[in-house]
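Engineer: You'll find protein-v3.txt just under this line, and it carries compact mmCIF, C-alpha atoms and all ligand atoms.
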# COMPACT_ATOMS: atom_id res chain seq x y z
CA MET A 1 96.92 -81.45 -12.08
CA SER A 2 95.44 -83.36 -9.21
CA ILE A 3 94.68 -81.76 -5.90
CA LYS A 4 96.52 -83.20 -2.98
CA TYR A 5 93.78 -82.41 -0.50
CA THR A 6 90.37 -80.86 -0.65
CA TYR A 7 88.41 -82.07 2.32
CA THR A 8 89.93 -83.37 5.50
CA ARG A 9 87.69 -84.69 8.24
CA ILE A 10 89.00 -84.46 11.79
CA ARG A 11 86.84 -85.54 14.72
CA GLY A 12 83.75 -84.80 12.65
CA PHE A 13 84.96 -81.37 11.56
CA MET A 14 86.20 -80.46 8.14
CA ILE A 15 88.29 -78.07 6.15
CA VAL A 16 85.56 -76.75 3.87
CA THR A 17 85.09 -74.07 1.22
CA GLY A 18 84.56 -70.46 2.16
CA SER A 19 81.02 -70.48 0.80
CA GLU A 20 80.18 -73.48 2.97
CA LEU A 21 81.37 -71.62 6.10
CA LEU A 22 79.49 -68.44 5.17
CA LYS A 23 76.21 -69.85 3.95
CA ASP A 24 74.27 -69.48 7.23
CA CYS A 25 75.73 -66.15 8.39
CA ARG A 26 72.97 -63.84 7.17
CA ARG A 27 70.18 -66.01 8.54
CA GLY A 28 72.04 -66.56 11.80
CA GLY A 29 73.00 -62.90 12.24
CA TYR A 30 76.70 -63.59 12.69
CA ALA A 31 79.97 -63.31 10.76
CA VAL A 32 82.90 -65.67 10.36
CA PRO A 33 86.24 -63.98 11.05
CA ALA A 34 89.18 -64.52 8.73
CA PHE A 35 92.62 -64.34 10.29
CA ASN A 36 95.79 -63.57 8.34
CA VAL A 37 98.59 -65.81 9.56
CA ASP A 38 102.32 -65.31 9.07
CA ASN A 39 104.01 -68.28 10.69
CA LEU A 40 103.56 -71.50 12.68
CA GLU A 41 102.89 -69.56 15.87
CA SER A 42 100.03 -67.51 14.47
CA VAL A 43 98.54 -70.68 12.93
CA LEU A 44 98.72 -72.41 16.34
CA GLY A 45 97.15 -69.43 18.09
CA VAL A 46 94.20 -69.24 15.68
CA LEU A 47 93.62 -73.00 15.67
CA GLY A 48 93.73 -72.98 19.48
CA ALA A 49 90.98 -70.35 19.57
CA ILE A 50 88.79 -72.30 17.12
CA GLU A 51 89.21 -75.51 19.09
CA LYS A 52 88.56 -73.85 22.45
CA LEU A 53 85.42 -71.97 21.36
CA SER A 54 84.15 -74.63 18.93
CA LEU A 55 83.35 -71.88 16.42
CA PRO A 56 84.47 -71.69 12.80
CA ALA A 57 87.00 -69.27 11.34
CA ILE A 58 88.94 -68.81 8.14
CA ILE A 59 92.71 -68.93 8.07
CA GLN A 60 94.18 -66.89 5.25
CA THR A 61 97.43 -65.66 3.73
CA ILE A 62 98.22 -62.84 1.34
CA PRO A 63 100.61 -63.48 -1.60
CA ARG A 64 103.37 -61.53 0.21
CA THR A 65 103.17 -64.03 3.07
CA LEU A 66 103.42 -66.92 0.62
CA LYS A 67 106.52 -65.30 -0.83
CA TYR A 68 107.94 -64.99 2.67
CA GLY A 69 107.27 -68.50 3.92
CA GLY A 70 106.77 -70.67 0.83
CA ILE A 71 103.53 -71.20 -1.04
CA GLY A 72 102.88 -74.71 0.31
CA SER A 73 103.90 -74.00 3.89
CA TYR A 74 100.76 -72.47 5.36
CA SER A 75 98.25 -74.99 4.12
CA ALA A 76 100.57 -77.72 5.42
CA LEU A 77 100.92 -76.00 8.82
CA VAL A 78 97.16 -75.66 9.17
CA ARG A 79 96.45 -79.23 8.09
CA ALA A 80 99.18 -80.66 10.34
CA ASN A 81 97.90 -78.84 13.43
CA TYR A 82 94.11 -78.71 12.90
CA LYS A 83 92.46 -80.60 15.74
CA GLY A 84 88.83 -79.88 14.92
CA GLY A 85 86.49 -77.99 17.20
CA ALA A 86 84.69 -76.42 14.25
CA ASP A 87 84.90 -76.32 10.47
CA ILE A 88 87.54 -74.05 8.95
CA SER A 89 88.63 -72.84 5.51
CA ILE A 90 92.09 -72.12 4.17
CA HIS A 91 91.85 -69.01 2.04
CA LEU A 92 94.08 -66.98 -0.28
CA ASP A 93 93.57 -63.30 0.56
CA HIS A 94 94.05 -60.70 -2.23
CA GLY A 95 95.17 -63.09 -4.97
CA GLY A 96 96.40 -60.80 -7.73
CA ASP A 97 96.32 -63.19 -10.68
CA LEU A 98 95.13 -66.61 -11.76
CA ASP A 99 98.57 -68.12 -11.30
CA VAL A 100 98.66 -67.60 -7.52
CA CYS A 101 95.06 -68.84 -7.25
CA LYS A 102 96.01 -72.00 -9.15
CA LYS A 103 99.09 -72.60 -7.01
CA CYS A 104 97.10 -72.23 -3.80
CA ILE A 105 94.36 -74.57 -5.06
CA ASP A 106 97.07 -77.12 -5.81
CA GLU A 107 98.38 -76.73 -2.26
CA GLY A 108 95.00 -77.48 -0.74
CA TYR A 109 93.45 -74.04 -0.22
CA THR A 110 89.68 -74.43 -0.13
CA SER A 111 88.92 -70.80 -0.96
CA VAL A 112 90.66 -68.10 -3.00
CA MET A 113 90.23 -64.38 -3.48
CA ILE A 114 90.83 -62.83 -6.86
CA ASP A 115 91.30 -59.11 -6.38
CA GLY A 116 90.64 -57.25 -9.62
CA SER A 117 89.31 -54.19 -7.80
CA ALA A 118 92.01 -51.90 -9.20
CA LEU A 119 91.02 -52.84 -12.77
CA PRO A 120 88.24 -51.22 -14.79
CA PHE A 121 84.86 -52.91 -14.20
CA ASP A 122 84.96 -55.04 -17.37
CA LYS A 123 88.48 -56.29 -16.70
CA ASN A 124 87.58 -57.08 -13.10
CA VAL A 125 84.60 -59.09 -14.36
CA GLU A 126 86.82 -60.92 -16.83
CA ILE A 127 89.55 -61.98 -14.40
CA THR A 128 87.00 -62.88 -11.72
CA ARG A 129 85.07 -65.04 -14.15
CA GLN A 130 88.26 -66.87 -15.09
CA ALA A 131 89.11 -67.41 -11.42
CA VAL A 132 85.60 -68.73 -10.72
CA GLU A 133 85.87 -71.14 -13.65
CA LEU A 134 89.24 -72.40 -12.45
CA ALA A 135 88.34 -72.67 -8.76
CA HIS A 136 84.92 -74.23 -9.22
CA ARG A 137 86.47 -76.94 -11.37
CA HIS A 138 88.40 -77.92 -8.24
CA GLY A 139 85.57 -77.50 -5.76
CA VAL A 140 87.04 -74.28 -4.37
CA SER A 141 85.05 -71.09 -3.76
CA VAL A 142 85.96 -67.56 -4.85
CA GLU A 143 85.85 -64.19 -3.13
CA ALA A 144 85.97 -61.18 -5.46
CA GLU A 145 86.29 -57.45 -4.78
CA LEU A 146 84.46 -54.47 -6.18
CA GLY A 147 85.13 -50.92 -5.05
CA ALA A 148 88.26 -50.05 -3.12
CA ILE A 149 89.47 -50.64 0.40
CA GLY A 150 91.89 -48.05 1.73
CA GLY A 151 95.37 -48.52 3.16
CA LYS A 152 98.82 -49.14 1.74
CA GLU A 153 98.10 -48.34 -1.92
CA GLU A 154 95.38 -45.73 -1.56
CA THR A 155 94.97 -42.69 0.59
CA GLU A 156 91.75 -42.18 2.52
CA SER A 157 90.33 -39.94 -0.21
CA GLN A 158 90.74 -42.73 -2.76
CA ILE A 159 88.51 -45.20 -0.92
CA LYS A 160 85.89 -46.01 -3.53
CA TYR A 161 82.51 -47.07 -2.19
CA THR A 162 80.98 -50.00 -3.99
CA GLU A 163 77.95 -48.97 -6.04
CA VAL A 164 74.84 -51.08 -5.45
CA ASN A 165 73.87 -51.47 -9.12
CA GLU A 166 77.46 -52.35 -10.06
CA ALA A 167 77.55 -55.00 -7.33
CA VAL A 168 74.37 -56.60 -8.65
CA GLU A 169 75.74 -56.62 -12.19
CA PHE A 170 79.15 -57.87 -11.08
CA VAL A 171 77.76 -60.81 -9.12
CA LYS A 172 75.50 -61.79 -12.00
CA LEU A 173 78.33 -61.62 -14.56
CA THR A 174 81.03 -63.37 -12.54
CA GLY A 175 79.37 -66.09 -10.47
CA ALA A 176 81.64 -65.18 -7.54
CA ASP A 177 80.76 -66.87 -4.24
CA SER A 178 81.37 -63.86 -1.98
CA LEU A 179 82.12 -60.19 -2.49
CA ALA A 180 84.46 -57.81 -0.68
CA ILE A 181 83.05 -54.29 -0.77
CA GLY A 182 84.44 -50.81 -0.26
CA VAL A 183 82.46 -49.05 2.46
CA GLY A 184 85.10 -46.87 4.10
CA THR A 185 87.42 -49.40 5.73
CA ALA A 186 91.19 -49.40 5.22
CA HIS A 187 93.98 -51.93 5.64
CA GLY A 188 96.63 -51.40 8.30
CA VAL A 189 96.36 -48.92 11.16
CA TYR A 190 93.72 -46.18 10.99
CA LYS A 191 95.07 -42.66 11.31
CA GLY A 192 91.79 -40.98 12.18
CA GLU A 193 88.32 -42.14 13.12
CA PRO A 194 87.08 -44.35 10.25
CA HIS A 195 83.65 -43.60 8.77
CA ILE A 196 81.91 -46.77 7.71
CA ALA A 197 78.90 -46.53 5.41
CA ILE A 198 76.62 -48.96 7.25
CA SER A 199 73.69 -47.96 5.04
CA ARG A 200 75.65 -48.89 1.91
CA ILE A 201 76.36 -52.36 3.36
CA LYS A 202 72.64 -52.81 3.94
CA GLU A 203 71.72 -51.64 0.44
CA ILE A 204 74.19 -54.05 -1.16
CA ALA A 205 73.15 -56.91 1.14
CA ASP A 206 69.53 -56.35 0.15
CA ALA A 207 70.41 -56.38 -3.53
CA VAL A 208 72.81 -59.34 -3.86
CA ASP A 209 72.40 -62.84 -2.50
CA ILE A 210 76.03 -63.84 -1.91
CA PRO A 211 77.92 -63.24 1.37
CA LEU A 212 79.60 -59.84 1.74
CA VAL A 213 83.13 -59.42 3.06
CA LEU A 214 84.60 -56.60 5.12
CA HIS A 215 88.34 -55.97 4.83
CA GLY A 216 90.40 -53.73 7.09
CA ALA A 217 88.47 -54.42 10.31
CA SER A 218 91.44 -54.13 12.69
CA GLY A 219 90.95 -50.88 14.58
CA LEU A 220 87.18 -50.66 14.13
CA SER A 221 85.26 -50.43 17.40
CA ASP A 222 83.29 -53.45 18.60
CA SER A 223 80.04 -51.57 18.10
CA VAL A 224 80.86 -50.67 14.49
CA ILE A 225 81.76 -54.29 13.75
CA LYS A 226 78.45 -55.44 15.24
CA GLU A 227 76.61 -52.84 13.13
CA CYS A 228 78.37 -54.10 10.00
CA ILE A 229 77.31 -57.69 10.76
CA LYS A 230 73.75 -56.57 11.42
CA ALA A 231 73.74 -54.72 8.09
CA GLY A 232 74.75 -57.89 6.23
CA ILE A 233 78.50 -58.58 6.44
CA SER A 234 79.28 -62.32 6.63
CA LYS A 235 83.10 -62.47 6.63
CA ILE A 236 85.43 -60.04 8.39
CA ASN A 237 89.19 -59.95 7.81
CA PHE A 238 91.61 -59.31 10.65
CA ALA A 239 95.31 -59.03 9.84
CA THR A 240 96.84 -56.05 11.64
CA HIS A 241 95.14 -56.86 14.96
CA LEU A 242 96.65 -60.35 15.03
CA ARG A 243 100.10 -59.15 13.96
CA GLN A 244 100.07 -56.61 16.76
CA ALA A 245 99.08 -59.33 19.25
CA PHE A 246 101.84 -61.61 17.98
CA THR A 247 104.51 -58.94 18.27
CA GLN A 248 103.37 -57.84 21.72
CA GLY A 249 103.36 -61.48 22.90
CA LEU A 250 106.79 -62.07 21.44
CA ARG A 251 108.19 -59.01 23.23
CA GLU A 252 106.75 -60.26 26.52
CA GLY A 253 108.19 -63.71 25.90
CA LEU A 254 111.66 -62.38 25.17
CA ALA A 255 111.55 -60.25 28.32
CA SER A 256 110.22 -63.08 30.51
CA ALA A 257 112.23 -65.02 33.07
CA ASP A 258 111.64 -68.27 31.10
CA ALA A 259 113.40 -67.01 27.99
CA THR A 260 116.60 -68.77 27.00
CA PHE A 261 118.32 -69.18 23.63
CA ASP A 262 115.62 -71.73 22.75
CA PRO A 263 112.77 -70.14 20.74
CA LYS A 264 110.39 -72.64 22.31
CA THR A 265 110.78 -70.84 25.63
CA TYR A 266 109.51 -67.46 24.41
CA LEU A 267 107.42 -68.14 21.27
CA PRO A 268 104.58 -69.71 23.30
CA TYR A 269 103.91 -66.18 24.64
CA ALA A 270 103.23 -65.08 21.07
CA ILE A 271 100.98 -68.10 20.44
CA LYS A 272 99.00 -67.30 23.58
CA ALA A 273 98.63 -63.63 22.63
CA VAL A 274 97.39 -64.55 19.14
CA GLN A 275 94.97 -67.10 20.60
CA GLU A 276 93.52 -64.56 23.04
CA ALA A 277 93.12 -61.97 20.30
CA ALA A 278 91.47 -64.51 18.00
CA GLU A 279 89.10 -65.68 20.76
CA GLY A 280 87.97 -62.11 21.36
CA ILE A 281 87.31 -61.58 17.66
CA ILE A 282 85.48 -64.88 17.18
CA LYS A 283 83.19 -64.01 20.11
CA LEU A 284 82.65 -60.48 18.80
CA CYS A 285 81.60 -61.81 15.40
CA ARG A 286 78.88 -63.87 17.15
CA ALA A 287 77.64 -61.03 19.37
CA GLN A 288 74.37 -59.41 18.34
CA ALA A 289 74.32 -55.66 17.73
ZN ZN B 301 92.03 -56.93 2.39
Hey, can you dump this file as structure tokens for me?
Ligand SMILES: [Zn+2]

Structural biologist:
Amino acid sequence: MSIKYTYTRIRGFMIVTGSELLKDCRRGGYAVPAFNVDNLESVLGVLGAIEKLSLPAIIQTIPRTLKYGGIGSYSALVRANYKGGADISIHLDHGGDLDVCKKCIDEGYTSVMIDGSALPFDKNVEITRQAVELAHRHGVSVEAELGAIGGKEETESQIKYTEVNEAVEFVKLTGADSLAIGVGTAHGVYKGEPHIAISRIKEIADAVDIPLVLHGASGLSDSVIKECIKAGISKINFATHLRQAFTQGLREGLASADATFDPKTYLPYAIKAVQEAAEGIIKLCRAQA
């Protein structure tokens, strides 16, 4: 199976692999944010922020989004509307099996996540290794997960912190390019004050040499996010925050005087809200703690 696209150069900027975007984060003391998109409008908002600030970001979709909008749609929307400004990656977030990874690679994703974190250690190693083999053959990088991030499936008490020695072993056995770790974050909206194990991030960052990924960052305070970056996080995922911005913008658009039956009169409010939210996050990920 041939890949339709891997690298696209636009005004000197490229759609590159995740590992390419993350390689200088630790040295530079910054993180690259990853934004979960749901539709054309959220894609336009995120791309607008990247172009305006000339700073890189990752655009990603979870399998449920691909089911909603079609597996080839999001890569096509990003590629059709990318105007440069900085390098970007198109990433599959929480890929559950090799099949969805393969399909996304075929659609031009430059980075995939294989999430075997719910499996026993050995099985997680096995599926991650297979994903790495598959993706690397196509010049695509792989994010894996070890430990557990809270939200939807787990309750707060089931958040499993990633063990340092297991992370070292896991990275060595799998060849993954980046690693999502469980350090107390949760997906969705936090019910109480989250407790993030900054020291655990630092211990893992000192022990493994691939970029570390923080999931469930929506709802964390700016200072906690900066602490996480300082401790060694290179990629930070934001989904809920952007969805909230989109919905708020859409409500404003529908209530505005410009709104008619034409979606193009009110959807730009949602694009603008997503862009503003993304700009704030991109700047935050560059701010020093
Ligand atoms: Zn996640």

Engineer: Taking only C-alpha atoms and all ligand atoms into account, report as a count of residues only which residues have an atom no farther than 7 Å from an atom of ligand ZN 301 (chain B).

Structural biologist: 6

Engineer: Neighbours of Gly45 (chain A) within 12 Å (all atoms listed in the file; same-chain residues fewer than 6 positions away dropped), as number ranges by chain?

Structural biologist: A: 35-39, 51-52, 59, 77-78, 81-82, 242-243, 245-246, 249, 267-279

Engineer: Name the residues in contact with Gly175 (chain A) at a cut-off of 12 Å, using only C-alpha atoms, excluding same-chain residues fewer than 3 positions from it; report them as a list in words.

Structural biologist: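 What passes the distance filter is Val125, Glu126, Ile127, Thr128, Arg129, Gln130, Ala131, Val132, Glu133, Leu134, Ala135, His136, Ser141, Val142, Glu143, Ala144, Ala167, Val168, Glu169, Phe170, Val171, Lys172, Ser178, Leu179, Val208, Asp209 and Ile210 of chain A.
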
Engineer: At a cut-off of 10 Å from (103.6, -65.7, -2.9) in the coordinates of the file, what residues are picked up using only C-alpha atoms, written as a PyMOL selection string?

Structural biologist: chain A and resi 61-72+92+95-96+100+103-104

Engineer: Which distance in Å separates CA of Ile236 (chain A) and CA of Ser42 (chain A), to one decimal?

Structural biologist: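 Rounded to one decimal, the two atoms are 17.5 Å apart.
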
Engineer: For CA of Asp177 (chain A) and CA of Ser19 (chain A), determine how far apart the two atoms are, in Å to one decimal place.

Structural biologist: 6.2 Å

Engineer: Could you tell me which of A:Asp115, A:Glu145, A:Asp87, A:Asp97 comes closest to Pro211 (chain A) if we count all atoms listed in the file?

Structural biologist: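 With all atoms listed in the file as the atom set, the closest residue is A:Glu145.
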
Engineer: For region 162-165 of chain A, work out the shell of residues within 12 Å, counting all atoms listed in the file and skipping chain neighbours fewer than 3 positions away, then give it as a short mmCIF file (atom, residue, chain, number, x, y, z; two decimals) with C-alpha atoms, in the coordinates of the input.

Structural biologist:
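See result_27.cif below for the written result:
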data_model
loop_
_atom_site.label_atom_id
_atom_site.label_comp_id
_atom_site.auth_asym_id
_atom_site.auth_seq_id
_atom_site.Cartn_x
_atom_site.Cartn_y
_atom_site.Cartn_z
CA SER A 117 89.31 -54.19 -7.80
CA PHE A 121 84.86 -52.91 -14.20
CA GLU A 145 86.29 -57.45 -4.78
CA LEU A 146 84.46 -54.47 -6.18
CA GLY A 147 85.13 -50.92 -5.05
CA ALA A 148 88.26 -50.05 -3.12
CA ILE A 149 89.47 -50.64 0.40
CA ILE A 159 88.51 -45.20 -0.92
CA VAL A 168 74.37 -56.60 -8.65
CA GLU A 169 75.74 -56.62 -12.19
CA PHE A 170 79.15 -57.87 -11.08
CA VAL A 171 77.76 -60.81 -9.12
CA LYS A 172 75.50 -61.79 -12.00
CA LEU A 179 82.12 -60.19 -2.49
CA ALA A 180 84.46 -57.81 -0.68
CA ILE A 181 83.05 -54.29 -0.77
CA GLY A 182 84.44 -50.81 -0.26
CA VAL A 183 82.46 -49.05 2.46
CA GLY A 184 85.10 -46.87 4.10
CA THR A 185 87.42 -49.40 5.73
CA ALA A 197 78.90 -46.53 5.41
CA SER A 199 73.69 -47.96 5.04
CA ARG A 200 75.65 -48.89 1.91
CA ILE A 201 76.36 -52.36 3.36
CA LYS A 202 72.64 -52.81 3.94
CA GLU A 203 71.72 -51.64 0.44
CA ILE A 204 74.19 -54.05 -1.16
CA ALA A 205 73.15 -56.91 1.14
CA ASP A 206 69.53 -56.35 0.15
CA ALA A 207 70.41 -56.38 -3.53
CA VAL A 208 72.81 -59.34 -3.86
CA LEU A 212 79.60 -59.84 1.74
CA VAL A 213 83.13 -59.42 3.06
CA LEU A 214 84.60 -56.60 5.12
#

Engineer: So the first atom is CA of Gly116 (chain A) and the second is CA of Gly29 (chain A); what is the distance between them in Å, to one decimal place?

Structural biologist: 28.7 Å

Engineer: Nearest residue to Ala287 (chain A) out of A:Ala31, A:Ala49, A:Ala80, A:Ile233, using only C-alpha atoms?

Structural biologist: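 Distance minimum relative to Ala287 (chain A) lands on A:Ala31.
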
Engineer: Between A:Ala86, A:Leu40, A:Cys228, A:Gly139, which one has atoms that come closest to Leu53 (chain A), using only C-alpha atoms?

Structural biologist: A:Ala86

Engineer: Which is closest to Pro120 (chain A) among A:Pro56, A:Glu166, A:Leu47, A:Gly150, if we use all atoms listed in the file?

Structural biologist: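 Closest to Pro120 (chain A), using all atoms listed in the file: A:Glu166.
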
Engineer: Distance cut-off 12 Å, centre (86.8, -88.0, 13.4) in file coordinates, counting only C-alpha atoms: which residues qualify? Return them as a list in words.

Structural biologist: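 Taken together, the residues in range are Thr8, Arg9, Ile10, Arg11, Gly12, Phe13, Met14, Tyr82, Lys83, Gly84, Gly85 and Ala86 of chain A.
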